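This is protein-v7.cif. It holds mmCIF, C-alpha atoms; chains and numbers go by the auth columns.
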data_work
loop_
_atom_site.group_PDB
_atom_site.id
_atom_site.type_symbol
_atom_site.label_atom_id
_atom_site.label_comp_id
_atom_site.label_asym_id
_atom_site.label_seq_id
_atom_site.Cartn_x
_atom_site.Cartn_y
_atom_site.Cartn_z
_atom_site.B_iso_or_equiv
_atom_site.auth_seq_id
_atom_site.auth_asym_id
ATOM 1 C CA MET A 1 -53.439 -72.949 66.275 0.00 1 A
ATOM 2 C CA LYS A 2 -54.529 -69.910 68.266 0.00 2 A
ATOM 3 C CA GLU A 3 -56.099 -71.638 71.259 0.00 3 A
ATOM 4 C CA TYR A 4 -52.959 -71.213 73.345 0.00 4 A
ATOM 5 C CA SER A 5 -50.938 -68.080 72.652 0.00 5 A
ATOM 6 C CA VAL A 6 -47.168 -67.659 72.679 0.00 6 A
ATOM 7 C CA GLU A 7 -47.461 -65.648 75.879 0.00 7 A
ATOM 8 C CA GLU A 8 -49.482 -68.357 77.583 0.00 8 A
ATOM 9 C CA SER A 9 -46.902 -70.919 76.549 0.00 9 A
ATOM 10 C CA ARG A 10 -44.017 -68.713 77.706 0.00 10 A
ATOM 11 C CA LYS A 11 -45.691 -68.119 81.081 0.00 11 A
ATOM 12 C CA ALA A 12 -45.944 -71.860 81.703 0.00 12 A
ATOM 13 C CA TRP A 13 -42.247 -72.336 80.966 0.00 13 A
ATOM 14 C CA GLU A 14 -41.307 -69.410 83.175 0.00 14 A
ATOM 15 C CA ASN A 15 -43.126 -71.132 86.020 0.00 15 A
ATOM 16 C CA ASN A 16 -41.600 -74.535 85.240 0.00 16 A
ATOM 17 C CA ALA A 17 -38.047 -73.363 84.499 0.00 17 A
ATOM 18 C CA ALA A 18 -36.473 -73.882 87.933 0.00 18 A
ATOM 19 C CA PHE A 19 -38.065 -77.329 88.308 0.00 19 A
ATOM 20 C CA TRP A 20 -36.853 -78.401 84.862 0.00 20 A
ATOM 21 C CA ASP A 21 -33.349 -77.108 85.452 0.00 21 A
ATOM 22 C CA ASP A 22 -33.122 -78.964 88.748 0.00 22 A
ATOM 23 C CA TYR A 23 -34.594 -82.156 87.265 0.00 23 A
ATOM 24 C CA MET A 24 -32.342 -82.154 84.190 0.00 24 A
ATOM 25 C CA GLY A 25 -29.253 -81.151 86.158 0.00 25 A
ATOM 26 C CA ASP A 26 -25.910 -81.204 84.337 0.00 26 A
ATOM 27 C CA ALA A 27 -26.445 -84.422 82.391 0.00 27 A
ATOM 28 C CA SER A 28 -30.160 -84.315 81.394 0.00 28 A
ATOM 29 C CA ASN A 29 -32.457 -87.241 82.107 0.00 29 A
ATOM 30 C CA ARG A 30 -32.210 -90.782 80.700 0.00 30 A
ATOM 31 C CA PHE A 31 -34.784 -90.064 77.995 0.00 31 A
ATOM 32 C CA HIS A 32 -32.627 -87.285 76.552 0.00 32 A
ATOM 33 C CA ARG A 33 -29.341 -89.109 77.032 0.00 33 A
ATOM 34 C CA GLU A 34 -30.476 -92.460 75.642 0.00 34 A
ATOM 35 C CA THR A 35 -33.314 -91.679 73.229 0.00 35 A
ATOM 36 C CA VAL A 36 -32.890 -88.121 71.964 0.00 36 A
ATOM 37 C CA ARG A 37 -29.199 -87.278 72.015 0.00 37 A
ATOM 38 C CA PRO A 38 -27.599 -90.238 70.179 0.00 38 A
ATOM 39 C CA LYS A 39 -29.477 -89.915 66.870 0.00 39 A
ATOM 40 C CA VAL A 40 -29.593 -86.116 67.000 0.00 40 A
ATOM 41 C CA SER A 41 -25.818 -86.083 67.387 0.00 41 A
ATOM 42 C CA GLU A 42 -25.365 -88.676 64.646 0.00 42 A
ATOM 43 C CA LEU A 43 -27.371 -86.622 62.146 0.00 43 A
ATOM 44 C CA LEU A 44 -25.772 -83.361 63.277 0.00 44 A
ATOM 45 C CA HIS A 45 -22.256 -84.811 62.894 0.00 45 A
ATOM 46 C CA ILE A 46 -20.579 -82.325 65.244 0.00 46 A
ATOM 47 C CA THR A 47 -17.079 -81.154 64.363 0.00 47 A
ATOM 48 C CA ALA A 48 -14.632 -78.896 66.193 0.00 48 A
ATOM 49 C CA ASP A 49 -14.977 -76.078 63.651 0.00 49 A
ATOM 50 C CA ASP A 50 -18.792 -75.980 63.777 0.00 50 A
ATOM 51 C CA PHE A 51 -20.724 -72.815 64.569 0.00 51 A
ATOM 52 C CA ILE A 52 -24.087 -74.151 65.803 0.00 52 A
ATOM 53 C CA LEU A 53 -27.404 -72.493 66.616 0.00 53 A
ATOM 54 C CA ASP A 54 -29.198 -74.288 69.488 0.00 54 A
ATOM 55 C CA ILE A 55 -32.929 -73.526 69.308 0.00 55 A
ATOM 56 C CA GLY A 56 -35.086 -73.795 72.432 0.00 56 A
ATOM 57 C CA CYS A 57 -32.009 -74.656 74.463 0.00 57 A
ATOM 58 C CA GLY A 58 -33.621 -74.974 77.906 0.00 58 A
ATOM 59 C CA ASN A 59 -30.943 -75.099 80.590 0.00 59 A
ATOM 60 C CA GLY A 60 -28.204 -75.479 77.989 0.00 60 A
ATOM 61 C CA ASN A 61 -27.236 -79.109 78.538 0.00 61 A
ATOM 62 C CA TYR A 62 -27.018 -79.933 74.836 0.00 62 A
ATOM 63 C CA SER A 63 -25.239 -76.632 74.212 0.00 63 A
ATOM 64 C CA ALA A 64 -22.625 -77.790 76.710 0.00 64 A
ATOM 65 C CA TYR A 65 -22.386 -81.154 74.943 0.00 65 A
ATOM 66 C CA LEU A 66 -21.722 -79.314 71.663 0.00 66 A
ATOM 67 C CA ALA A 67 -19.100 -77.129 73.346 0.00 67 A
ATOM 68 C CA GLU A 68 -17.372 -80.211 74.745 0.00 68 A
ATOM 69 C CA LYS A 69 -17.067 -81.463 71.161 0.00 69 A
ATOM 70 C CA GLY A 70 -15.316 -78.223 70.221 0.00 70 A
ATOM 71 C CA ALA A 71 -18.196 -76.357 68.559 0.00 71 A
ATOM 72 C CA GLU A 72 -18.924 -72.662 69.025 0.00 72 A
ATOM 73 C CA VAL A 73 -22.568 -72.266 70.075 0.00 73 A
ATOM 74 C CA VAL A 74 -25.215 -69.566 70.101 0.00 74 A
ATOM 75 C CA ALA A 75 -28.222 -70.805 72.095 0.00 75 A
ATOM 76 C CA PHE A 76 -31.600 -69.283 72.801 0.00 76 A
ATOM 77 C CA ASP A 77 -34.902 -69.847 74.550 0.00 77 A
ATOM 78 C CA TYR A 78 -37.947 -67.628 75.013 0.00 78 A
ATOM 79 C CA SER A 79 -37.995 -68.151 78.785 0.00 79 A
ATOM 80 C CA ARG A 80 -35.927 -65.450 80.448 0.00 80 A
ATOM 81 C CA THR A 81 -35.749 -67.531 83.637 0.00 81 A
ATOM 82 C CA MET A 82 -34.520 -70.577 81.726 0.00 82 A
ATOM 83 C CA ILE A 83 -31.760 -68.573 80.066 0.00 83 A
ATOM 84 C CA LYS A 84 -30.714 -67.136 83.428 0.00 84 A
ATOM 85 C CA LEU A 85 -30.450 -70.678 84.784 0.00 85 A
ATOM 86 C CA ALA A 86 -28.626 -71.868 81.649 0.00 86 A
ATOM 87 C CA LYS A 87 -25.987 -69.148 81.996 0.00 87 A
ATOM 88 C CA LYS A 88 -25.449 -70.136 85.624 0.00 88 A
ATOM 89 C CA ARG A 89 -25.320 -73.886 84.989 0.00 89 A
ATOM 90 C CA GLN A 90 -23.083 -73.662 81.918 0.00 90 A
ATOM 91 C CA ARG A 91 -20.806 -70.856 83.100 0.00 91 A
ATOM 92 C CA LYS A 92 -17.681 -72.998 82.610 0.00 92 A
ATOM 93 C CA TYR A 93 -18.439 -72.898 78.868 0.00 93 A
ATOM 94 C CA GLN A 94 -18.911 -69.134 78.690 0.00 94 A
ATOM 95 C CA ASP A 95 -16.078 -68.863 76.168 0.00 95 A
ATOM 96 C CA LYS A 96 -17.867 -71.335 73.838 0.00 96 A
ATOM 97 C CA ILE A 97 -21.600 -70.642 74.383 0.00 97 A
ATOM 98 C CA ARG A 98 -23.520 -67.382 74.144 0.00 98 A
ATOM 99 C CA PHE A 99 -27.087 -67.480 75.454 0.00 99 A
ATOM 100 C CA HIS A 100 -29.927 -65.187 74.352 0.00 100 A
ATOM 101 C CA VAL A 101 -33.602 -64.639 75.157 0.00 101 A
ATOM 102 C CA ILE A 102 -35.294 -64.988 71.763 0.00 102 A
ATOM 103 C CA ASP A 103 -38.841 -65.959 70.776 0.00 103 A
ATOM 104 C CA ALA A 104 -38.629 -68.600 68.020 0.00 104 A
ATOM 105 C CA THR A 105 -42.016 -67.466 66.653 0.00 105 A
ATOM 106 C CA ASN A 106 -40.846 -63.850 66.173 0.00 106 A
ATOM 107 C CA LYS A 107 -39.081 -63.219 62.851 0.00 107 A
ATOM 108 C CA GLN A 108 -37.640 -59.863 63.911 0.00 108 A
ATOM 109 C CA GLU A 109 -36.117 -61.322 67.070 0.00 109 A
ATOM 110 C CA LEU A 110 -34.716 -64.322 65.212 0.00 110 A
ATOM 111 C CA MET A 111 -32.923 -62.113 62.716 0.00 111 A
ATOM 112 C CA THR A 112 -31.110 -60.287 65.536 0.00 112 A
ATOM 113 C CA LEU A 113 -29.238 -63.463 66.506 0.00 113 A
ATOM 114 C CA GLU A 114 -25.534 -62.761 66.563 0.00 114 A
ATOM 115 C CA ARG A 115 -23.317 -64.376 63.996 0.00 115 A
ATOM 116 C CA SER A 116 -19.706 -63.696 63.127 0.00 116 A
ATOM 117 C CA ARG A 117 -20.235 -65.969 60.111 0.00 117 A
ATOM 118 C CA PRO A 118 -23.062 -68.155 58.804 0.00 118 A
ATOM 119 C CA TYR A 119 -24.001 -70.944 61.176 0.00 119 A
ATOM 120 C CA THR A 120 -22.792 -74.302 59.919 0.00 120 A
ATOM 121 C CA LYS A 121 -25.689 -76.111 61.588 0.00 121 A
ATOM 122 C CA ALA A 122 -28.833 -75.605 63.662 0.00 122 A
ATOM 123 C CA VAL A 123 -30.385 -77.983 66.165 0.00 123 A
ATOM 124 C CA SER A 124 -33.519 -78.186 68.280 0.00 124 A
ATOM 125 C CA ASN A 125 -34.113 -80.881 70.889 0.00 125 A
ATOM 126 C CA MET A 126 -37.756 -81.490 71.808 0.00 126 A
ATOM 127 C CA ALA A 127 -38.836 -77.868 71.353 0.00 127 A
ATOM 128 C CA ILE A 128 -40.678 -77.693 68.003 0.00 128 A
ATOM 129 C CA MET A 129 -43.779 -79.165 69.665 0.00 129 A
ATOM 130 C CA ASP A 130 -43.733 -76.261 72.157 0.00 130 A
ATOM 131 C CA MET A 131 -43.887 -73.581 69.447 0.00 131 A
ATOM 132 C CA ALA A 132 -47.184 -71.994 68.456 0.00 132 A
ATOM 133 C CA GLU A 133 -45.788 -71.112 65.022 0.00 133 A
ATOM 134 C CA ILE A 134 -42.797 -72.530 63.120 0.00 134 A
ATOM 135 C CA THR A 135 -42.807 -70.821 59.704 0.00 135 A
ATOM 136 C CA HIS A 136 -40.715 -67.845 60.826 0.00 136 A
ATOM 137 C CA LEU A 137 -38.215 -70.159 62.508 0.00 137 A
ATOM 138 C CA PHE A 138 -37.704 -72.269 59.397 0.00 138 A
ATOM 139 C CA GLN A 139 -37.336 -69.132 57.257 0.00 139 A
ATOM 140 C CA ALA A 140 -34.800 -67.666 59.662 0.00 140 A
ATOM 141 C CA VAL A 141 -32.759 -70.855 59.954 0.00 141 A
ATOM 142 C CA TYR A 142 -32.554 -71.096 56.155 0.00 142 A
ATOM 143 C CA HIS A 143 -31.247 -67.524 56.063 0.00 143 A
ATOM 144 C CA LEU A 144 -28.815 -67.947 58.964 0.00 144 A
ATOM 145 C CA ILE A 145 -27.061 -71.205 58.018 0.00 145 A
ATOM 146 C CA GLU A 146 -24.491 -71.689 55.292 0.00 146 A
ATOM 147 C CA GLU A 147 -25.122 -73.355 51.940 0.00 147 A
ATOM 148 C CA ASN A 148 -25.450 -77.111 52.438 0.00 148 A
ATOM 149 C CA GLY A 149 -25.817 -76.504 56.183 0.00 149 A
ATOM 150 C CA VAL A 150 -28.200 -78.693 58.160 0.00 150 A
ATOM 151 C CA PHE A 151 -31.046 -78.217 60.609 0.00 151 A
ATOM 152 C CA VAL A 152 -31.608 -81.225 62.889 0.00 152 A
ATOM 153 C CA PHE A 153 -34.560 -81.418 65.232 0.00 153 A
ATOM 154 C CA ALA A 154 -36.169 -83.956 67.526 0.00 154 A
ATOM 155 C CA THR A 155 -39.806 -83.733 68.524 0.00 155 A
ATOM 156 C CA GLN A 156 -42.472 -86.051 69.858 0.00 156 A
ATOM 157 C CA HIS A 157 -43.867 -88.450 67.255 0.00 157 A
ATOM 158 C CA PRO A 158 -47.107 -86.855 65.993 0.00 158 A
ATOM 159 C CA CYS A 159 -48.589 -90.209 65.002 0.00 159 A
ATOM 160 C CA PHE A 160 -48.291 -91.826 68.424 0.00 160 A
ATOM 161 C CA ILE A 161 -47.723 -89.205 71.145 0.00 161 A
ATOM 162 C CA THR A 162 -50.766 -86.988 71.585 0.00 162 A
ATOM 163 C CA LEU A 163 -53.664 -86.671 74.000 0.00 163 A
ATOM 164 C CA THR A 164 -56.232 -86.096 71.265 0.00 164 A
ATOM 165 C CA ASP A 165 -57.762 -88.198 68.496 0.00 165 A
ATOM 166 C CA GLN A 166 -56.850 -85.646 65.798 0.00 166 A
ATOM 167 C CA TYR A 167 -53.897 -86.246 63.521 0.00 167 A
ATOM 168 C CA LEU A 168 -54.306 -84.377 60.216 0.00 168 A
ATOM 169 C CA THR A 169 -55.659 -81.201 61.811 0.00 169 A
ATOM 170 C CA ALA A 170 -53.100 -78.982 63.527 0.00 170 A
ATOM 171 C CA HIS A 171 -54.194 -78.265 67.084 0.00 171 A
ATOM 172 C CA SER A 172 -52.941 -77.491 70.568 0.00 172 A
ATOM 173 C CA TYR A 173 -53.490 -78.970 73.994 0.00 173 A
ATOM 174 C CA LYS A 174 -51.975 -78.888 77.492 0.00 174 A
ATOM 175 C CA ASP A 175 -50.121 -81.627 79.305 0.00 175 A
ATOM 176 C CA ILE A 176 -47.175 -82.238 81.620 0.00 176 A
ATOM 177 C CA ALA A 177 -43.904 -83.802 80.492 0.00 177 A
ATOM 178 C CA ILE A 178 -42.353 -84.457 83.898 0.00 178 A
ATOM 179 C CA GLU A 179 -44.370 -85.406 86.964 0.00 179 A
ATOM 180 C CA GLY A 180 -44.035 -82.651 89.532 0.00 180 A
ATOM 181 C CA GLN A 181 -43.765 -79.612 87.267 0.00 181 A
ATOM 182 C CA SER A 182 -45.831 -76.754 88.640 0.00 182 A
ATOM 183 C CA GLN A 183 -48.250 -76.445 85.747 0.00 183 A
ATOM 184 C CA PRO A 184 -49.086 -78.023 82.372 0.00 184 A
ATOM 185 C CA HIS A 185 -47.519 -76.444 79.315 0.00 185 A
ATOM 186 C CA CYS A 186 -48.826 -76.017 75.779 0.00 186 A
ATOM 187 C CA TYR A 187 -48.228 -78.600 73.066 0.00 187 A
ATOM 188 C CA TYR A 188 -48.747 -77.790 69.384 0.00 188 A
ATOM 189 C CA HIS A 189 -49.534 -80.799 67.212 0.00 189 A
ATOM 190 C CA ARG A 190 -48.548 -80.919 63.539 0.00 190 A
ATOM 191 C CA SER A 191 -48.783 -83.924 61.237 0.00 191 A
ATOM 192 C CA LEU A 192 -45.702 -85.277 59.501 0.00 192 A
ATOM 193 C CA GLN A 193 -46.826 -83.761 56.210 0.00 193 A
ATOM 194 C CA ASP A 194 -47.239 -80.349 57.854 0.00 194 A
ATOM 195 C CA LEU A 195 -43.737 -80.522 59.305 0.00 195 A
ATOM 196 C CA PHE A 196 -42.128 -81.783 56.106 0.00 196 A
ATOM 197 C CA HIS A 197 -43.975 -79.355 53.816 0.00 197 A
ATOM 198 C CA THR A 198 -42.770 -76.451 55.939 0.00 198 A
ATOM 199 C CA PHE A 199 -39.201 -77.571 55.295 0.00 199 A
ATOM 200 C CA PHE A 200 -39.791 -78.029 51.566 0.00 200 A
ATOM 201 C CA GLN A 201 -41.455 -74.632 51.216 0.00 201 A
ATOM 202 C CA HIS A 202 -38.469 -72.875 52.721 0.00 202 A
ATOM 203 C CA GLY A 203 -35.659 -74.444 50.721 0.00 203 A
ATOM 204 C CA PHE A 204 -34.727 -77.541 52.693 0.00 204 A
ATOM 205 C CA LEU A 205 -34.292 -81.125 51.555 0.00 205 A
ATOM 206 C CA ILE A 206 -34.776 -83.869 54.152 0.00 206 A
ATOM 207 C CA ASP A 207 -31.853 -86.304 54.025 0.00 207 A
ATOM 208 C CA GLY A 208 -31.966 -87.938 57.450 0.00 208 A
ATOM 209 C CA PHE A 209 -34.797 -89.384 59.517 0.00 209 A
ATOM 210 C CA TYR A 210 -35.159 -91.634 62.576 0.00 210 A
ATOM 211 C CA GLU A 211 -38.028 -92.850 64.739 0.00 211 A
ATOM 212 C CA GLU A 212 -36.894 -93.728 68.261 0.00 212 A
ATOM 213 C CA SER A 213 -38.568 -95.325 71.254 0.00 213 A
ATOM 214 C CA HIS A 214 -37.502 -95.126 74.871 0.00 214 A
ATOM 215 C CA GLY A 215 -36.692 -98.689 75.857 0.00 215 A
ATOM 216 C CA GLN A 216 -37.688 -101.800 73.929 0.00 216 A
ATOM 217 C CA GLN A 217 -41.219 -100.853 72.899 0.00 217 A
ATOM 218 C CA GLU A 218 -42.180 -101.035 69.211 0.00 218 A
ATOM 219 C CA THR A 219 -44.107 -97.752 69.178 0.00 219 A
ATOM 220 C CA PRO A 220 -41.750 -94.774 68.693 0.00 220 A
ATOM 221 C CA ASP A 221 -41.830 -91.788 71.025 0.00 221 A
ATOM 222 C CA ILE A 222 -39.985 -89.281 68.878 0.00 222 A
ATOM 223 C CA ILE A 223 -38.839 -88.416 65.389 0.00 223 A
ATOM 224 C CA ILE A 224 -35.407 -86.993 64.548 0.00 224 A
ATOM 225 C CA VAL A 225 -35.175 -85.148 61.233 0.00 225 A
ATOM 226 C CA ARG A 226 -32.227 -83.695 59.337 0.00 226 A
ATOM 227 C CA ALA A 227 -33.026 -81.033 56.752 0.00 227 A
ATOM 228 C CA ARG A 228 -30.328 -79.650 54.469 0.00 228 A
ATOM 229 C CA LYS A 229 -30.232 -76.183 52.941 0.00 229 A
ATOM 230 C CA ILE A 230 -29.968 -76.552 49.184 0.00 230 A
ATOM 231 C CA ALA A 231 -28.693 -73.954 46.756 0.00 231 A
ATOM 232 C CA LYS A 232 -31.297 -72.001 44.808 0.00 232 A
ATOM 233 C CA MET A 233 -30.239 -73.482 41.467 0.00 233 A
ATOM 234 C CA GLU A 234 -30.758 -76.974 42.908 0.00 234 A
ATOM 235 C CA ARG A 235 -34.318 -76.096 43.936 0.00 235 A
ATOM 236 C CA LYS A 236 -35.699 -75.710 40.399 0.00 236 A
ATOM 237 C CA TRP A 237 -36.976 -79.286 40.310 0.00 237 A
ATOM 238 C CA ILE A 238 -38.942 -79.010 43.564 0.00 238 A
#
Before anything else, please render the file you have as structure tokens.
Amino acid sequence: MKEYSVEESRKAWENNAAFWDDYMGDASNRFHRETVRPKVSELLHITADDFILDIGCGNGNYSAYLAEKGAEVVAFDYSRTMIKLAKKRQRKYQDKIRFHVIDATNKQELMTLERSRPYTKAVSNMAIMDMAEITHLFQAVYHLIEENGVFVFATQHPCFITLTDQYLTAHSYKDIAIEGQSQPHCYYHRSLQDLFHTFFQHGFLIDGFYEESHGQQETPDIIIVRARKIAKMERKWI
């Protein structure tokens, strides 16, 4: 998927950052509160002694939610403007959250993420679909989290939410997510098998999965996946 580069994607989010921060505010929008957050939080099973990596954190609203539950959080986004806004908006949690500008597609940058101990969990809310490449991220998360640790992510449902008629072929396109944002941003489509195989190839076992729709419709908008890091000896049968 080289049609839209990482830099092109980052530029769009730099331009949209202030609008998104203002729109999401302190509590996020209804879609995140009612459709994304409940099942993500259920699968993540947040505890007070957790050390959680928040991937593609945006303005830090979910990072703040984790901090309110007692977790210690390291959060990152590749938009420098978004991280600046996140630090300002979540300053009351500065003793619980540390924000960084990191590109999730860059293995070297990912491996610089601070950690006083292995992360117990990793989470990504509606950001995987914005990433031009995910292999390095999955490799890094496997390395950074503890044995039996989990990686939970939510992303748009690849079977139902796309502007194209392609499903099996990975591809990219541009669209807006919130009416009023200054410019379209890049979406990167991957089939379910592409997403799941990337987990399997890097030592994860999927042990939690939801499809959620916003409202009462029967067609789901998003998927929420929990992948668990399994010990090397347990991987022999895969």
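Among the candidates A:Glu212, A:Glu34, A:Asp49, A:Glu179, the residue lying nearest to His157 of chain A is A:Glu212 (atoms considered: only C-alpha atoms).
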Nearest to Asp207 of chain A, chosen from A:Pro158, A:Gly70, A:Gly149, A:Gly180, with all atoms listed in the file counted in the distances: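 Closest residue, counting all atoms listed in the file: A:Gly149.
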Contacts of Phe160 of chain A at 12 Å (all atoms listed in the file; same-chain gap of 5+ positions) as an MDAnalysis selection string: chainID A and resid 155 165:167 189:192 211:213 218:223
Residue contacts of Ser63 of chain A (12 Å, all atoms listed in the file) excluding same-chain residues fewer than 2 positions away, as a PyMOL selection string: chain A and resi 26-28+37+41+46+51-61+65-77+83+86-87+89-94+96-99+122-125
Output, as lines of an AutoDock Vina configuration file, the centre and edge lengths in Å (one decimal) of the axis-aligned box that contains all listed atoms of segment 196-203 of chain A with 3 Å of margin on each side.
center_x = -39.8
center_y = -77.3
center_z = 53.4
size_x = 14.3
size_y = 14.9
size_z = 11.4
Interatomic distance (Å, one decimal) between atom CA of Asp50 of chain A and atom CA of His202 of chain A: 22.8 Å
Who sits within 12 Å of Asp175 of chain A, all atoms listed in the file, same chain under 4 positions skipped, as a PyMOL selection string: chain A and resi 9+12+129-130+161-164+179-188
Gap from atom CA of Pro118 of chain A to atom CA of Leu144 of chain A - Å, one decimal: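 Between atom CA of Pro118 of chain A and atom CA of Leu144 of chain A the gap works out to 5.8 Å.
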Sphere at (-42.6, -83.5, 57.0), radius 12 Å, counting only C-alpha atoms: residues as a list in words: Phe153, Thr155, His157, Pro158, Arg190, Ser191, Leu192, Gln193, Asp194, Leu195, Phe196, His197, Thr198, Phe199, Phe200, Gln201, Phe204, Leu205, Ile206, Asp207, Gly208, Phe209, Ile223, Ile224, Val225, Arg226 and Ala227 of chain A
Go ahead and write the selection's residues with C-alpha atoms as a PDB file, keeping the file's coordinate frame.
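Printed below is out31.pdb as written:
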ATOM      1  CA  PHE A 153     -34.560 -81.418  65.232  1.00  0.00           C
ATOM      2  CA  THR A 155     -39.806 -83.733  68.524  1.00  0.00           C
ATOM      3  CA  HIS A 157     -43.867 -88.450  67.255  1.00  0.00           C
ATOM      4  CA  PRO A 158     -47.107 -86.855  65.993  1.00  0.00           C
ATOM      5  CA  ARG A 190     -48.548 -80.919  63.539  1.00  0.00           C
ATOM      6  CA  SER A 191     -48.783 -83.924  61.237  1.00  0.00           C
ATOM      7  CA  LEU A 192     -45.702 -85.277  59.501  1.00  0.00           C
ATOM      8  CA  GLN A 193     -46.826 -83.761  56.210  1.00  0.00           C
ATOM      9  CA  ASP A 194     -47.239 -80.349  57.854  1.00  0.00           C
ATOM     10  CA  LEU A 195     -43.737 -80.522  59.305  1.00  0.00           C
ATOM     11  CA  PHE A 196     -42.128 -81.783  56.106  1.00  0.00           C
ATOM     12  CA  HIS A 197     -43.975 -79.355  53.816  1.00  0.00           C
ATOM     13  CA  THR A 198     -42.770 -76.451  55.939  1.00  0.00           C
ATOM     14  CA  PHE A 199     -39.201 -77.571  55.295  1.00  0.00           C
ATOM     15  CA  PHE A 200     -39.791 -78.029  51.566  1.00  0.00           C
ATOM     16  CA  GLN A 201     -41.455 -74.632  51.216  1.00  0.00           C
ATOM     17  CA  PHE A 204     -34.727 -77.541  52.693  1.00  0.00           C
ATOM     18  CA  LEU A 205     -34.292 -81.125  51.555  1.00  0.00           C
ATOM     19  CA  ILE A 206     -34.776 -83.869  54.152  1.00  0.00           C
ATOM     20  CA  ASP A 207     -31.853 -86.304  54.025  1.00  0.00           C
ATOM     21  CA  GLY A 208     -31.966 -87.938  57.450  1.00  0.00           C
ATOM     22  CA  PHE A 209     -34.797 -89.384  59.517  1.00  0.00           C
ATOM     23  CA  ILE A 223     -38.839 -88.416  65.389  1.00  0.00           C
ATOM     24  CA  ILE A 224     -35.407 -86.993  64.548  1.00  0.00           C
ATOM     25  CA  VAL A 225     -35.175 -85.148  61.233  1.00  0.00           C
ATOM     26  CA  ARG A 226     -32.227 -83.695  59.337  1.00  0.00           C
ATOM     27  CA  ALA A 227     -33.026 -81.033  56.752  1.00  0.00           C
TER      28      ALA A 227
END
Straight-line distance linking atom CA of Arg33 of chain A with atom CA of His45 of chain A, stated in Å to one decimal: 16.4 Å
